[in-house]
Amino acid sequence: MIKFALVGCGRIAQRHAEHIEKNGKLVAVCDVVKEKADLLAQKYKAKAYYSIEELLAGDTKPDVISICSPNGLHAEHSIKSLNAGYHVLCEKPMAINVQDCGEMIKAAERSNKRLFAIKQNRFNPGCCR
């Protein structure tokens, strides 16, 4: 079973968590807003963290970190996760500029980890048929 962590516990993270539970196990969530992290963690019996650094140093050891933080943080959170040795699933947009996208790809190559960009309509009925 693939273990996931979510970074960012806003609206889109709720959808990620639903699909993760159908295909894997949500073991950790992370948000700087303690209440958001605690609520999502409680719902899925995951461990709550309140900073990306705390998550990456923690003991939950996910296989994949799903980045659902605000768009301007996607590159930073993805690169930190890749550098820490985790595969990354990044919500769209991958980053807010091309240079950051390139840095994310370089971090994935250096760490020999996978960087996935999300296609959010994959599970929407009637789309992509």
# chains A, B, ... in the order shown; residues from 1 in each chain; ligands from 1
>>> residues_around(residues="Ala107 of chain A", least_positions_apart="5", cutoff="10 Å", atoms="only C-alpha atoms", output="list in words")
Ser78, Ile79, Lys80, Ser81, Leu82, Asn83, Gly85, Cys101, Gly102, Asn112, Lys113, Arg114 and Leu115 of chain A
>>> write_last_selection(atoms="C-alpha atoms", output="PDB file, in the first residue's frame")
ATOM      1  CA  SER A  78       8.212  20.177  -4.019  1.00  0.00           C
ATOM      2  CA  ILE A  79      11.954  20.854  -4.051  1.00  0.00           C
ATOM      3  CA  LYS A  80      12.249  20.437  -0.278  1.00  0.00           C
ATOM      4  CA  SER A  81      10.322  17.154  -0.467  1.00  0.00           C
ATOM      5  CA  LEU A  82      12.387  15.839  -3.372  1.00  0.00           C
ATOM      6  CA  ASN A  83      15.640  16.838  -1.659  1.00  0.00           C
ATOM      7  CA  GLY A  85      14.106  11.806  -0.670  1.00  0.00           C
ATOM      8  CA  CYS A 101       9.550  24.318 -12.977  1.00  0.00           C
ATOM      9  CA  GLY A 102      13.082  23.682 -14.203  1.00  0.00           C
ATOM     10  CA  ASN A 112      16.327  10.080  -8.396  1.00  0.00           C
ATOM     11  CA  LYS A 113      12.709  10.581  -7.315  1.00  0.00           C
ATOM     12  CA  ARG A 114       9.560  11.024  -9.390  1.00  0.00           C
ATOM     13  CA  LEU A 115       7.827  14.385  -9.834  1.00  0.00           C
TER      14      LEU A 115
END
>>> select_by_dssp(residues="segment 31-70 of chain A", states="strand (DSSP E)", output="ChimeraX atom specification")
/A:47-49,64-67
>>> write_last_selection(atoms="C-alpha atoms", output="PDB file, in the first residue's frame")
ATOM      1  CA  LYS A  47      -0.527  12.592  11.845  1.00  0.00           C
ATOM      2  CA  ALA A  48      -0.708  16.403  11.716  1.00  0.00           C
ATOM      3  CA  TYR A  49       2.323  18.599  11.116  1.00  0.00           C
ATOM      4  CA  VAL A  64       4.689  10.183  -1.865  1.00  0.00           C
ATOM      5  CA  ILE A  65       4.119  13.775  -0.769  1.00  0.00           C
ATOM      6  CA  SER A  66       1.164  15.469  -2.418  1.00  0.00           C
ATOM      7  CA  ILE A  67       1.643  19.229  -2.697  1.00  0.00           C
TER       8      ILE A  67
END
>>> closest_atom_pairs(of="segment 60-96 of chain A", to="segment 13-37 of chain A", cutoff="9 Å", atoms="only C-alpha atoms", output="Markdown table")
| residue | atom | partner | partner_atom | distance |
| --- | --- | --- | --- | --- |
| A:Thr60 | CA | A:Val27 | CA | 6.4 |
| A:Lys61 | CA | A:Val27 | CA | 8.3 |
| A:Pro62 | CA | A:Val27 | CA | 6.7 |
| A:Ser66 | CA | A:His16 | CA | 8.0 |
| A:Ile67 | CA | A:Ala13 | CA | 8.5 |
| A:Cys68 | CA | A:Ala13 | CA | 5.8 |
| A:Ser69 | CA | A:Asp31 | CA | 8.1 |
>>> atom_distance(atom1="atom CA of Asp63 of chain A", atom2="atom CA of Ala95 of chain A")
21.9 Å
>>> atom_distance(atom1="atom CA of Ser111 of chain A", atom2="atom CA of Glu91 of chain A")
19.9 Å
>>> select_by_dssp(residues="chain A", states="alpha helix (DSSP H)", output="JSON, numbers by chain")
{"A": [11, 12, 13, 14, 15, 16, 17, 18, 19, 20, 21, 22, 23, 34, 35, 36, 37, 38, 39, 40, 41, 42, 43, 44, 52, 53, 54, 55, 56, 57, 74, 75, 76, 77, 78, 79, 80, 81, 82, 83, 98, 99, 100, 101, 102, 103, 104, 105, 106, 107, 108, 109, 110, 111]}
>>> atom_distance(atom1="atom CA of Lys106 of chain A", atom2="atom CA of Leu73 of chain A")
17.0 Å
>>> decode(residues="segment 1-88 of chain A", atoms="C-alpha atoms", output="mmCIF file, in the first residue's frame")
data_model
loop_
_atom_site.group_PDB
_atom_site.id
_atom_site.type_symbol
_atom_site.label_atom_id
_atom_site.label_comp_id
_atom_site.auth_asym_id
_atom_site.auth_seq_id
_atom_site.Cartn_x
_atom_site.Cartn_y
_atom_site.Cartn_z
ATOM 1 C CA MET A 1 0.000 0.000 0.000
ATOM 2 C CA ILE A 2 1.368 3.406 -0.970
ATOM 3 C CA LYS A 3 1.616 5.886 1.913
ATOM 4 C CA PHE A 4 0.917 9.568 1.223
ATOM 5 C CA ALA A 5 1.375 12.881 2.991
ATOM 6 C CA LEU A 6 -0.507 16.046 2.058
ATOM 7 C CA VAL A 7 1.062 19.495 2.243
ATOM 8 C CA GLY A 8 -1.674 22.111 2.407
ATOM 9 C CA CYS A 9 -5.065 21.202 3.867
ATOM 10 C CA GLY A 10 -7.369 23.475 1.888
ATOM 11 C CA ARG A 11 -10.232 22.602 -0.456
ATOM 12 C CA ILE A 12 -8.228 20.679 -3.072
ATOM 13 C CA ALA A 13 -6.520 18.641 -0.346
ATOM 14 C CA GLN A 14 -9.940 17.265 0.613
ATOM 15 C CA ARG A 15 -10.279 15.778 -2.899
ATOM 16 C CA HIS A 16 -6.735 14.400 -2.794
ATOM 17 C CA ALA A 17 -7.439 12.770 0.573
ATOM 18 C CA GLU A 18 -10.609 11.113 -0.747
ATOM 19 C CA HIS A 19 -8.781 9.569 -3.701
ATOM 20 C CA ILE A 20 -5.736 8.643 -1.641
ATOM 21 C CA GLU A 21 -7.903 6.632 0.737
ATOM 22 C CA LYS A 22 -9.374 4.690 -2.199
ATOM 23 C CA ASN A 23 -5.939 3.748 -3.526
ATOM 24 C CA GLY A 24 -3.468 4.040 -0.653
ATOM 25 C CA LYS A 25 -3.116 5.363 2.887
ATOM 26 C CA LEU A 26 -2.927 8.971 4.076
ATOM 27 C CA VAL A 27 -0.368 8.911 6.899
ATOM 28 C CA ALA A 28 0.382 12.621 7.385
ATOM 29 C CA VAL A 29 -0.997 16.074 6.671
ATOM 30 C CA CYS A 30 0.693 19.449 6.950
ATOM 31 C CA ASP A 31 -0.630 23.000 7.126
ATOM 32 C CA VAL A 32 0.552 26.176 8.837
ATOM 33 C CA VAL A 33 -3.048 26.655 9.988
ATOM 34 C CA LYS A 34 -3.152 24.223 12.899
ATOM 35 C CA GLU A 35 -6.935 23.808 12.845
ATOM 36 C CA LYS A 36 -6.964 22.749 9.175
ATOM 37 C CA ALA A 37 -4.213 20.197 9.699
ATOM 38 C CA ASP A 38 -5.841 18.830 12.845
ATOM 39 C CA LEU A 39 -9.279 18.425 11.210
ATOM 40 C CA LEU A 40 -7.961 16.584 8.153
ATOM 41 C CA ALA A 41 -5.643 14.441 10.273
ATOM 42 C CA GLN A 42 -8.496 13.454 12.555
ATOM 43 C CA LYS A 43 -10.801 12.575 9.641
ATOM 44 C CA TYR A 44 -8.239 10.220 8.066
ATOM 45 C CA LYS A 45 -6.420 9.065 11.219
ATOM 46 C CA ALA A 46 -3.214 10.693 9.969
ATOM 47 C CA LYS A 47 -0.527 12.592 11.845
ATOM 48 C CA ALA A 48 -0.708 16.403 11.716
ATOM 49 C CA TYR A 49 2.323 18.599 11.116
ATOM 50 C CA TYR A 50 2.432 22.389 11.046
ATOM 51 C CA SER A 51 5.457 23.053 8.823
ATOM 52 C CA ILE A 52 7.015 21.331 5.825
ATOM 53 C CA GLU A 53 10.287 21.004 7.731
ATOM 54 C CA GLU A 54 8.522 19.229 10.605
ATOM 55 C CA LEU A 55 6.832 16.830 8.169
ATOM 56 C CA LEU A 56 10.051 16.024 6.317
ATOM 57 C CA ALA A 57 11.897 15.348 9.580
ATOM 58 C CA GLY A 58 8.989 13.390 11.060
ATOM 59 C CA ASP A 59 8.594 9.686 11.603
ATOM 60 C CA THR A 60 5.616 8.966 9.287
ATOM 61 C CA LYS A 61 7.853 8.309 6.232
ATOM 62 C CA PRO A 62 5.346 8.519 3.365
ATOM 63 C CA ASP A 63 6.165 7.158 -0.085
ATOM 64 C CA VAL A 64 4.689 10.183 -1.865
ATOM 65 C CA ILE A 65 4.119 13.775 -0.769
ATOM 66 C CA SER A 66 1.164 15.469 -2.418
ATOM 67 C CA ILE A 67 1.643 19.229 -2.697
ATOM 68 C CA CYS A 68 -1.683 21.071 -2.307
ATOM 69 C CA SER A 69 -0.338 24.301 -0.837
ATOM 70 C CA PRO A 70 -0.943 27.743 -2.427
ATOM 71 C CA ASN A 71 0.399 28.020 -5.988
ATOM 72 C CA GLY A 72 3.339 30.243 -5.045
ATOM 73 C CA LEU A 73 4.635 27.563 -2.658
ATOM 74 C CA HIS A 74 4.468 24.564 -5.019
ATOM 75 C CA ALA A 75 8.086 24.851 -6.163
ATOM 76 C CA GLU A 76 9.523 25.399 -2.677
ATOM 77 C CA HIS A 77 7.541 22.554 -1.114
ATOM 78 C CA SER A 78 8.212 20.177 -4.019
ATOM 79 C CA ILE A 79 11.954 20.854 -4.051
ATOM 80 C CA LYS A 80 12.249 20.437 -0.278
ATOM 81 C CA SER A 81 10.322 17.154 -0.467
ATOM 82 C CA LEU A 82 12.387 15.839 -3.372
ATOM 83 C CA ASN A 83 15.640 16.838 -1.659
ATOM 84 C CA ALA A 84 14.473 14.959 1.433
ATOM 85 C CA GLY A 85 14.106 11.806 -0.670
ATOM 86 C CA TYR A 86 10.370 11.662 -1.387
ATOM 87 C CA HIS A 87 8.401 11.240 -4.592
ATOM 88 C CA VAL A 88 6.184 14.285 -5.224
#
